[in-house]
$ cat coords02.txt   # compact mmCIF, C-alpha atoms and all ligand atoms
# COMPACT_ATOMS: atom_id res chain seq x y z
CA MET A 501 -105.15 -21.66 13.45
CA ALA A 502 -104.54 -25.34 14.01
CA ASP A 503 -104.36 -26.28 10.34
CA ASP A 504 -101.54 -28.58 9.39
CA TYR A 505 -98.62 -26.36 8.39
CA TYR A 506 -97.58 -28.65 5.53
CA GLN A 507 -101.13 -28.49 4.11
CA VAL A 508 -101.19 -24.73 4.49
CA LEU A 509 -98.07 -24.44 2.35
CA GLY A 510 -99.15 -27.30 0.09
CA VAL A 511 -95.92 -29.29 0.44
CA GLU A 512 -95.12 -32.90 1.31
CA ARG A 513 -93.98 -33.65 4.84
CA GLY A 514 -90.59 -34.58 3.44
CA ALA A 515 -90.17 -31.36 1.47
CA ASN A 516 -86.73 -29.80 1.66
CA ALA A 517 -86.00 -26.26 2.81
CA ASP A 518 -85.91 -24.96 -0.73
CA GLU A 519 -89.31 -26.40 -1.64
CA ILE A 520 -90.81 -24.95 1.53
CA LYS A 521 -89.37 -21.53 0.82
CA LYS A 522 -90.62 -21.62 -2.79
CA ALA A 523 -94.12 -22.69 -1.73
CA TYR A 524 -94.29 -19.93 0.85
CA ARG A 525 -93.03 -17.33 -1.60
CA LYS A 526 -95.75 -18.30 -4.07
CA LEU A 527 -98.52 -18.07 -1.48
CA ALA A 528 -97.20 -14.84 -0.03
CA MET A 529 -97.16 -13.25 -3.47
CA ARG A 530 -100.69 -14.47 -4.26
CA ASP A 531 -102.36 -13.52 -0.98
CA HIS A 532 -100.35 -10.44 -0.19
CA PRO A 533 -102.74 -7.80 1.33
CA ASP A 534 -101.50 -5.08 -1.00
CA ARG A 535 -102.55 -7.14 -3.98
CA ASN A 536 -105.90 -8.09 -2.43
CA PRO A 537 -107.18 -4.90 -0.84
CA GLY A 538 -110.21 -5.50 1.36
CA ASP A 539 -110.08 -9.27 0.87
CA ALA A 540 -110.21 -10.64 4.41
CA GLU A 541 -109.91 -14.26 3.28
CA ALA A 542 -106.73 -13.59 1.37
CA GLU A 543 -105.30 -11.78 4.38
CA GLU A 544 -106.17 -14.74 6.59
CA ARG A 545 -104.50 -17.15 4.16
CA PHE A 546 -101.50 -14.84 4.03
CA LYS A 547 -101.20 -14.88 7.80
CA GLN A 548 -101.57 -18.65 7.95
CA ALA A 549 -98.89 -19.13 5.33
CA ALA A 550 -96.62 -16.77 7.25
CA GLU A 551 -97.25 -18.68 10.47
CA ALA A 552 -96.61 -22.03 8.78
CA TYR A 553 -93.42 -20.73 7.21
CA ALA A 554 -92.19 -19.32 10.51
CA VAL A 555 -92.17 -22.90 11.76
CA LEU A 556 -91.32 -25.02 8.71
CA GLY A 557 -88.72 -22.54 7.48
CA ASP A 558 -86.73 -22.98 10.69
CA ASP A 559 -85.00 -26.36 11.08
CA GLU A 560 -85.25 -26.40 14.84
CA LYS A 561 -88.91 -25.35 15.02
CA ARG A 562 -89.78 -27.71 12.20
CA ALA A 563 -88.26 -30.65 14.06
CA ARG A 564 -90.28 -29.78 17.15
CA TYR A 565 -93.43 -29.40 15.06
CA ASP A 566 -92.85 -32.79 13.41
CA GLN A 567 -92.50 -34.40 16.80
CA TYR A 568 -95.08 -32.61 18.93
CA GLY A 569 -97.38 -30.83 16.46
CA HIS A 570 -98.63 -27.34 17.24
CA ALA A 571 -97.96 -27.76 20.93
CA GLY A 572 -94.27 -28.11 20.19
CA VAL A 573 -93.85 -24.73 18.57
CA ARG A 574 -95.92 -22.57 20.88
CA GLY A 575 -93.71 -20.84 23.39
CA GLY A 576 -94.84 -19.33 26.68
CA GLY A 577 -96.04 -16.24 24.86
CA GLY A 578 -98.04 -17.96 22.14
CA PRO A 579 -96.91 -18.31 18.52
CA ASP A 580 -94.19 -15.82 17.90
CA PHE A 581 -94.94 -15.09 14.29
CA ASN A 582 -95.93 -11.48 14.61
CA SER A 583 -92.50 -9.98 15.02
CA GLU A 584 -90.44 -12.56 13.22
CA VAL A 585 -92.46 -13.44 10.22
CA PHE A 586 -93.11 -9.96 9.01
CA ALA A 587 -89.42 -9.29 9.11
CA ASP A 588 -88.86 -12.53 7.25
CA PHE A 589 -91.46 -11.67 4.69
CA SER A 590 -89.87 -8.47 3.55
CA ASP A 591 -86.51 -10.22 3.55
CA ILE A 592 -87.80 -12.87 1.20
CA LEU A 593 -89.50 -10.49 -1.17
CA GLY A 594 -86.60 -8.10 -0.87
CA SER A 595 -84.13 -10.76 -1.90
CA PHE A 596 -86.53 -11.85 -4.61
CA PHE A 597 -87.04 -8.49 -6.24
CA GLY A 598 -84.16 -6.54 -4.86
CA PHE A 599 -86.24 -3.98 -3.00
CA ASN A 600 -88.59 -3.75 -0.06
CA VAL A 601 -92.20 -4.54 -0.67
CA GLY A 602 -94.63 -2.88 1.67
CA PHE A 603 -97.65 -4.49 3.19
CA GLY A 604 -100.11 -2.13 4.82
CA GLY A 605 -98.13 -0.34 7.45
CA GLY A 606 -94.47 -0.97 7.99
CA ARG A 607 -94.89 -3.13 11.05
CA ARG A 608 -91.30 -4.11 10.71
CA SER A 609 -89.52 -0.85 11.25
CA SER A 610 -91.78 1.28 13.40
CA GLY A 611 -92.15 -1.10 16.31
CA PRO A 612 -89.58 -2.20 18.86
CA MET A 613 -86.44 -3.51 17.21
CA ARG A 614 -84.17 -6.17 18.61
CA GLY A 615 -80.52 -5.22 19.04
CA SER A 616 -77.92 -6.91 16.85
CA THR A 617 -76.14 -10.04 17.97
CA LEU A 618 -72.43 -9.36 18.20
CA GLN A 619 -69.53 -11.74 17.77
CA TYR A 620 -66.39 -11.57 19.82
CA ARG A 621 -63.34 -13.71 19.07
CA LEU A 622 -61.73 -14.69 22.35
CA ARG A 623 -58.12 -15.84 22.20
CA ILE A 624 -57.15 -18.04 25.10
CA THR A 625 -54.18 -20.22 25.93
CA LEU A 626 -54.30 -24.00 26.06
CA GLU A 627 -53.78 -23.71 29.82
CA GLN A 628 -56.95 -21.60 30.11
CA ALA A 629 -58.86 -24.08 27.97
CA PHE A 630 -57.55 -26.92 30.14
CA SER A 631 -58.50 -25.49 33.52
CA GLY A 632 -61.35 -23.20 32.55
CA ASP A 633 -61.09 -19.52 33.41
CA GLU A 634 -62.97 -16.32 33.95
CA VAL A 635 -61.82 -13.79 31.38
CA GLU A 636 -62.56 -10.08 31.29
CA ILE A 637 -63.19 -8.68 27.84
CA ASN A 638 -63.79 -5.19 26.50
CA VAL A 639 -66.78 -5.10 24.22
CA PRO A 640 -67.49 -2.05 22.09
CA ARG A 641 -71.24 -2.07 21.56
CA ARG A 642 -74.21 0.22 21.29
CA ARG A 643 -76.04 0.17 24.58
CA THR A 644 -78.94 2.16 26.00
CA CYS A 645 -77.87 5.80 26.38
CA GLU A 646 -77.74 6.72 30.03
CA THR A 647 -78.27 10.44 29.49
CA CYS A 648 -81.73 10.02 27.96
CA GLU A 649 -82.44 6.54 29.36
CA GLY A 650 -82.95 5.22 25.87
CA THR A 651 -85.71 7.66 24.91
CA GLY A 652 -83.41 9.58 22.54
CA SER A 653 -84.90 12.78 23.90
CA GLN A 654 -82.99 15.32 25.99
CA SER A 655 -86.13 15.98 28.07
CA ARG A 656 -86.96 12.26 27.97
CA ALA A 657 -90.20 13.05 26.18
CA ALA A 658 -92.06 10.37 24.28
CA ARG A 659 -91.53 10.11 20.54
CA THR A 660 -94.15 11.69 18.33
CA ALA A 661 -95.52 10.33 15.07
CA CYS A 662 -93.54 11.33 12.00
CA SER A 663 -95.42 13.88 9.89
CA ALA A 664 -93.81 12.85 6.59
CA CYS A 665 -95.06 9.26 6.64
CA GLY A 666 -97.93 9.55 9.09
CA GLY A 667 -96.22 7.20 11.54
CA ILE A 668 -95.90 4.29 9.11
CA GLY A 669 -92.16 4.56 8.67
CA GLN A 670 -92.39 3.95 4.95
CA VAL A 671 -93.38 5.89 1.91
CA GLN A 672 -95.05 3.87 -0.80
CA GLN A 673 -94.81 4.05 -4.53
CA ARG A 674 -96.77 1.94 -7.00
CA HIS A 675 -94.82 -0.02 -9.60
CA GLY A 676 -97.30 -1.87 -11.80
CA PHE A 677 -99.19 -4.29 -9.59
CA LEU A 678 -96.74 -4.02 -6.72
CA THR A 679 -96.51 -1.35 -4.10
CA VAL A 680 -92.91 -0.62 -3.40
CA ALA A 681 -92.22 0.84 -0.01
CA ARG A 682 -89.06 2.66 0.94
CA PRO A 683 -88.05 3.68 4.44
CA CYS A 684 -89.18 7.20 5.23
CA GLY A 685 -86.26 9.63 5.01
CA GLN A 686 -87.41 11.93 7.78
CA CYS A 687 -87.73 9.30 10.52
CA GLN A 688 -85.33 6.72 9.00
CA GLY A 689 -88.17 4.21 8.95
CA ALA A 690 -88.97 4.49 12.65
CA GLY A 691 -92.39 6.05 12.12
CA SER A 692 -91.81 8.40 15.01
CA VAL A 693 -89.41 11.22 15.68
CA VAL A 694 -87.74 12.74 18.71
CA GLN A 695 -88.50 16.43 19.25
CA ASP A 696 -85.42 17.43 21.26
CA PRO A 697 -82.71 14.90 20.36
CA CYS A 698 -80.34 13.84 23.12
CA THR A 699 -76.93 15.40 22.54
CA ASP A 700 -75.09 12.27 23.70
CA CYS A 701 -76.68 9.74 21.36
CA GLY A 702 -78.09 12.04 18.65
CA GLY A 703 -81.61 10.82 19.38
CA GLU A 704 -80.99 7.13 18.74
CA GLY A 705 -81.40 6.15 22.39
CA ARG A 706 -78.21 4.09 22.15
CA SER A 707 -74.62 5.17 22.26
CA GLN A 708 -71.34 3.47 21.47
CA GLN A 709 -69.91 2.22 24.74
CA GLN A 710 -66.87 0.23 25.69
CA GLN A 711 -67.83 -2.14 28.46
CA ARG A 712 -66.00 -4.75 30.44
CA LEU A 713 -67.69 -8.11 30.66
CA LYS A 714 -66.73 -11.28 32.45
CA VAL A 715 -66.82 -14.46 30.41
CA ALA A 716 -66.77 -17.79 32.21
CA VAL A 717 -64.77 -20.09 29.93
CA PRO A 718 -65.62 -23.71 30.74
CA ALA A 719 -62.79 -26.24 30.96
CA GLY A 720 -62.30 -28.19 27.75
CA VAL A 721 -63.35 -25.59 25.16
CA ASP A 722 -61.82 -25.85 21.72
CA THR A 723 -61.30 -23.47 18.82
CA GLY A 724 -64.57 -22.59 17.08
CA MET A 725 -66.82 -23.33 20.04
CA ARG A 726 -69.31 -20.58 20.82
CA LEU A 727 -70.60 -19.25 24.11
CA ARG A 728 -73.82 -17.29 23.87
CA LEU A 729 -74.32 -14.51 26.39
CA ARG A 730 -78.00 -13.66 26.25
CA GLY A 731 -78.84 -9.97 26.07
CA GLU A 732 -75.17 -8.88 26.03
CA GLY A 733 -75.17 -7.73 22.40
CA GLU A 734 -76.48 -4.37 21.27
CA SER A 735 -79.42 -2.80 23.05
CA GLY A 736 -82.71 -2.88 21.20
CA LEU A 737 -84.48 0.18 19.82
CA ARG A 738 -87.82 1.60 20.95
CA GLY A 739 -88.15 -0.90 23.78
CA GLY A 740 -86.97 -3.93 21.78
CA PRO A 741 -84.91 -6.63 23.49
CA ALA A 742 -81.12 -6.59 23.41
CA GLY A 743 -79.26 -8.92 21.06
CA ASP A 744 -76.87 -11.60 22.24
CA LEU A 745 -73.10 -11.64 22.44
CA GLU A 746 -71.54 -14.67 20.82
CA VAL A 747 -68.07 -15.41 22.12
CA VAL A 748 -66.14 -17.54 19.63
CA MET A 749 -63.26 -19.47 21.17
CA ASP A 750 -59.82 -19.38 19.62
CA VAL A 751 -57.38 -21.59 21.51
CA GLN A 752 -53.73 -20.75 20.79
CA GLU A 753 -51.21 -23.36 19.72
CA HIS A 754 -48.97 -24.59 22.51
CA GLN A 755 -45.21 -25.09 22.32
CA ARG A 756 -45.17 -28.45 24.04
CA PHE A 757 -48.62 -29.92 23.49
CA VAL A 758 -50.52 -30.70 20.33
CA ARG A 759 -54.24 -31.12 20.79
CA HIS A 760 -56.49 -33.51 18.91
CA GLY A 761 -60.02 -33.41 20.32
CA THR A 762 -59.59 -34.20 24.00
CA ASP A 763 -56.29 -36.01 23.45
CA LEU A 764 -52.97 -34.28 23.94
CA TYR A 765 -49.69 -35.25 22.38
CA THR A 766 -46.33 -34.38 23.86
CA ARG A 767 -42.70 -35.48 23.68
CA VAL A 768 -40.85 -36.66 26.77
CA PRO A 769 -37.04 -36.72 26.96
CA ALA A 770 -35.43 -39.83 28.47
CA SER A 771 -31.89 -41.18 28.84
CA PHE A 772 -30.75 -44.46 27.28
CA PRO A 773 -30.28 -46.19 30.69
CA ARG A 774 -33.79 -45.13 31.74
CA VAL A 775 -35.55 -46.65 28.72
CA ALA A 776 -33.27 -49.70 28.73
CA LEU A 777 -33.82 -50.48 32.40
CA GLY A 778 -37.34 -49.11 32.75
CA GLY A 779 -38.47 -46.90 35.61
CA SER A 780 -40.56 -43.85 36.17
CA ILE A 781 -40.22 -40.34 34.83
CA GLU A 782 -41.97 -37.08 35.65
CA VAL A 783 -44.02 -35.65 32.79
CA SER A 784 -45.12 -31.99 32.72
CA THR A 785 -48.86 -31.58 32.22
CA VAL A 786 -50.72 -28.60 30.74
CA ASP A 787 -51.67 -27.09 34.10
CA GLY A 788 -48.00 -26.84 35.10
CA SER A 789 -47.99 -29.79 37.48
CA THR A 790 -46.24 -33.08 36.83
CA SER A 791 -47.43 -36.63 36.65
CA THR A 792 -45.50 -39.88 36.97
CA LEU A 793 -45.16 -42.00 33.84
CA ASP A 794 -44.02 -45.62 34.14
CA ILE A 795 -41.59 -46.58 31.41
CA PRO A 796 -41.34 -50.32 30.71
CA ALA A 797 -37.83 -51.75 30.30
CA GLY A 798 -36.86 -51.85 26.62
CA THR A 799 -38.93 -48.82 25.58
CA GLN A 800 -37.76 -47.50 22.22
CA SER A 801 -37.13 -43.91 21.26
CA GLY A 802 -40.28 -42.67 19.50
CA GLN A 803 -42.55 -45.11 21.31
CA VAL A 804 -45.80 -43.53 22.50
CA LEU A 805 -46.98 -44.25 26.03
CA GLU A 806 -50.51 -43.35 27.00
CA MET A 807 -51.55 -41.58 30.18
CA ARG A 808 -55.30 -42.04 30.31
CA GLY A 809 -57.39 -39.26 31.81
CA MET A 810 -54.48 -36.79 31.60
CA GLY A 811 -55.64 -35.17 28.33
CA MET A 812 -58.08 -32.27 27.96
CA PRO A 813 -61.27 -32.28 30.04
CA SER A 814 -64.45 -32.83 28.07
CA VAL A 815 -66.49 -29.64 27.80
CA ASN A 816 -69.69 -31.72 27.89
CA GLY A 817 -68.75 -33.43 31.12
CA GLY A 818 -67.56 -36.65 29.49
CA ARG A 819 -64.33 -38.47 30.25
CA PRO A 820 -61.13 -36.48 29.90
CA GLY A 821 -58.86 -37.45 27.04
CA THR A 822 -55.49 -39.20 26.98
CA LEU A 823 -52.06 -37.63 27.22
CA LYS A 824 -49.90 -39.40 24.65
CA ALA A 825 -46.23 -39.18 25.52
CA GLU A 826 -43.73 -39.89 22.80
CA ILE A 827 -40.49 -41.02 24.41
CA GLN A 828 -37.52 -39.26 22.92
CA VAL A 829 -34.18 -40.76 23.88
CA VAL A 830 -31.73 -37.89 24.14
CA THR A 831 -28.09 -38.52 23.30
CA PRO A 832 -25.68 -36.53 25.49
CA ARG A 833 -23.90 -33.81 23.50
CA SER A 834 -20.90 -33.65 25.80
CA LEU A 835 -19.49 -36.19 28.24
CA THR A 836 -17.27 -36.08 31.30
CA ASP A 837 -14.22 -38.37 31.32
CA GLU A 838 -15.97 -40.66 33.74
CA GLN A 839 -19.08 -40.96 31.56
CA GLU A 840 -16.96 -41.56 28.49
CA THR A 841 -15.10 -44.40 30.17
CA ALA A 842 -18.34 -46.00 31.36
CA LEU A 843 -19.92 -45.72 27.92
CA HIS A 844 -16.88 -47.29 26.26
CA GLU A 845 -17.27 -50.28 28.54
CA LEU A 846 -21.01 -50.43 27.91
CA GLY A 847 -20.43 -50.22 24.17
CA GLU A 848 -18.11 -53.20 24.28
CA LEU A 849 -20.72 -55.20 26.19
CA ILE A 850 -23.76 -54.32 24.06
CA GLY A 851 -22.33 -53.88 20.57
CA ASP A 852 -24.22 -52.37 17.63
CA PRO A 853 -27.82 -53.50 16.90
CA ASP A 854 -28.43 -55.55 13.71
CA ASP A 855 -31.91 -54.19 13.07
CA LEU A 856 -34.47 -51.75 14.48
CA GLY A 857 -36.06 -54.54 16.52
CA ASP A 858 -39.44 -53.10 15.77
CA GLU A 859 -41.82 -54.27 13.05
CA GLN A 860 -44.16 -51.29 13.30
CA SER A 861 -42.79 -48.48 11.24
CA TRP A 862 -42.18 -45.00 12.51
CA TRP A 863 -44.88 -43.69 10.21
CA ASP A 864 -47.48 -46.07 11.64
CA ARG A 865 -46.67 -44.95 15.14
CA LEU A 866 -46.86 -41.31 14.21
CA ARG A 867 -50.21 -41.82 12.51
CA SER A 868 -51.72 -43.71 15.42
CA SER A 869 -50.50 -41.27 18.02
CA VAL A 870 -51.37 -38.06 16.24
CA PHE A 871 -54.50 -39.07 14.40
CA GLY A 872 -55.76 -41.83 16.64
CA GLN A 873 -55.80 -44.47 13.90
CA GLY A 874 -54.46 -48.00 13.93
ZN ZN A 901 -79.28 9.73 24.64
ZN ZN A 902 -91.44 9.06 8.69
$ encode --input "coords02.txt" --output "structure tokens" --more "lines below"
Ligand SMILES: [Zn+2]
Ligand SMILES: [Zn+2]
Amino acid sequence: MADDYYQVLGVERGANADEIKKAYRKLAMRDHPDRNPGDAEAEERFKQAAEAYAVLGDDEKRARYDQYGHAGVRGGGGPDFNSEVFADFSDILGSFFGFNVGFGGGRRSSGPMRGSTLQYRLRITLEQAFSGDEVEINVPRRRTCETCEGTGSQSRAARTACSACGGIGQVQQRHGFLTVARPCGQCQGAGSVVQDPCTDCGGEGRSQQQQRLKVAVPAGVDTGMRLRLRGEGESGLRGGPAGDLEVVMDVQEHQRFVRHGTDLYTRVPASFPRVALGGSIEVSTVDGSTSTLDIPAGTQSGQVLEMRGMGMPSVNGGRPGTLKAEIQVVTPRSLTDEQETALHELGELIGDPDDLGDEQSWWDRLRSSVFGQG
């Protein structure tokens, strides 16, 4: 049991995923029980290879194994290769040969089967992403049928072994040296059948249901982030565990704010006297409140002022980002007589500028504010 997994597969410790998969495939083909009937040693080697592959074939488990050895990959319930590996094995051979290869008894399909993991794309506003929210969603999913309590039987009777396949769930045909197994047609590979099928779920034990679920969206989420709700996917079959529900975040674009990581970019209107004299101005923030921005005297139109800590919260609990406010001097489109007179006088006093008075180009500013460079 405690043999080194790399030695079992005959690969270097630095082998890549492809080499590991190839090595396992070779061993699995050689020691496969159907090809070595009655050979207990081959079966033992086959199991060891499967166990080693269950760990080394999984990046996360492999990393734990590299760091902690066997202790690192043994969960509370012991090595979990029984359910997973056998599924994996037929997948590998299936993808290799294009059909299912049986191995003494269809362990894969007749036992409990885990429900599928479902994905749900959740569209939220930037405001919701900013403050965090609890959102109710409607999830269509196959859940345990309430009429038959998941037994699939109207009288809730236990399933009985399928007579066509003898409870194996597969019927086998020999093709040269390989035994090719196909799912049994009578029991659909389950190995057992329901005598009096439930009329609500047709005997499956699950029925399509539309259920409302609450999703707690943490503050700071961004498009593409995933929340995993354990056990909220489809119900399992024959006592198997439910799959998970993966909620994929999709944060809508905002009219006034552009997001870049935790930083937010916005434009703030200001009058010429305000930027010339300096002063403070109220800036709208994402959550609908306002915050005071100090404008230094001589601020130019297009200049970006930073409001630290006023950007998006960090979903990991880090520091919130920066709100970058681009000052936009707004020229009045219509003037009263009084304003016109005052501006005429001001114009005489100030005159027209000779240059832009600013060595940093507009493009540089745009780049540094939007993309955080420079
Ligand atoms: Zn039912
Ligand atoms: Zn059958």
$ closest_residue --input "coords02.txt" --among "A:Pro741, A:Gly557, A:Gly666, A:Gly705" --to "ligand ZN 902 (chain A)" --atoms "only C-alpha atoms and all ligand atoms"
A:Gly666
$ residues_near_point --input "coords02.txt" --point "(-57.7, -29.2, 25.0)" --cutoff "10 Å" --atoms "only C-alpha atoms" --output "list in words"
Thr625, Leu626, Glu627, Gln628, Ala629, Phe630, Ser631, Ala719, Gly720, Val721, Asp722, Thr723, Val751, Phe757, Val758, Arg759, His760, Gly761, Thr762, Asp763, Leu764, Val786, Gly811, Met812, Pro813, Ser814, Val815, Pro820 and Gly821 of chain A
$ residues_near_ligand --input "coords02.txt" --ligand "ligand ZN 901 (chain A)" --cutoff "10 Å" --atoms "all atoms listed in the file" --output "mmCIF file with C-alpha atoms, keeping the file's coordinate frame"
data_model
loop_
_atom_site.group_PDB
_atom_site.id
_atom_site.type_symbol
_atom_site.label_atom_id
_atom_site.label_comp_id
_atom_site.auth_asym_id
_atom_site.auth_seq_id
_atom_site.Cartn_x
_atom_site.Cartn_y
_atom_site.Cartn_z
ATOM 1 C CA THR A 644 -78.940 2.160 26.000
ATOM 2 C CA CYS A 645 -77.870 5.800 26.380
ATOM 3 C CA GLU A 646 -77.740 6.720 30.030
ATOM 4 C CA THR A 647 -78.270 10.440 29.490
ATOM 5 C CA CYS A 648 -81.730 10.020 27.960
ATOM 6 C CA GLU A 649 -82.440 6.540 29.360
ATOM 7 C CA GLY A 650 -82.950 5.220 25.870
ATOM 8 C CA THR A 651 -85.710 7.660 24.910
ATOM 9 C CA GLY A 652 -83.410 9.580 22.540
ATOM 10 C CA SER A 653 -84.900 12.780 23.900
ATOM 11 C CA GLN A 654 -82.990 15.320 25.990
ATOM 12 C CA SER A 655 -86.130 15.980 28.070
ATOM 13 C CA ARG A 656 -86.960 12.260 27.970
ATOM 14 C CA PRO A 697 -82.710 14.900 20.360
ATOM 15 C CA CYS A 698 -80.340 13.840 23.120
ATOM 16 C CA THR A 699 -76.930 15.400 22.540
ATOM 17 C CA ASP A 700 -75.090 12.270 23.700
ATOM 18 C CA CYS A 701 -76.680 9.740 21.360
ATOM 19 C CA GLY A 702 -78.090 12.040 18.650
ATOM 20 C CA GLY A 703 -81.610 10.820 19.380
ATOM 21 C CA GLU A 704 -80.990 7.130 18.740
ATOM 22 C CA GLY A 705 -81.400 6.150 22.390
ATOM 23 C CA ARG A 706 -78.210 4.090 22.150
ATOM 24 C CA SER A 707 -74.620 5.170 22.260
#
$ residues_near_ligand --input "coords02.txt" --ligand "ligand ZN 902 (chain A)" --cutoff "6 Å" --atoms "only C-alpha atoms and all ligand atoms" --output "JSON, numbers by chain"
{"A": [662, 664, 665, 667, 669, 684, 686, 687, 689, 691]}
$ closest_residue --input "coords02.txt" --among "A:Met810, A:Val747, A:Val717, A:Leu849" --to "A:Gly733" --atoms "all atoms listed in the file"
A:Val747
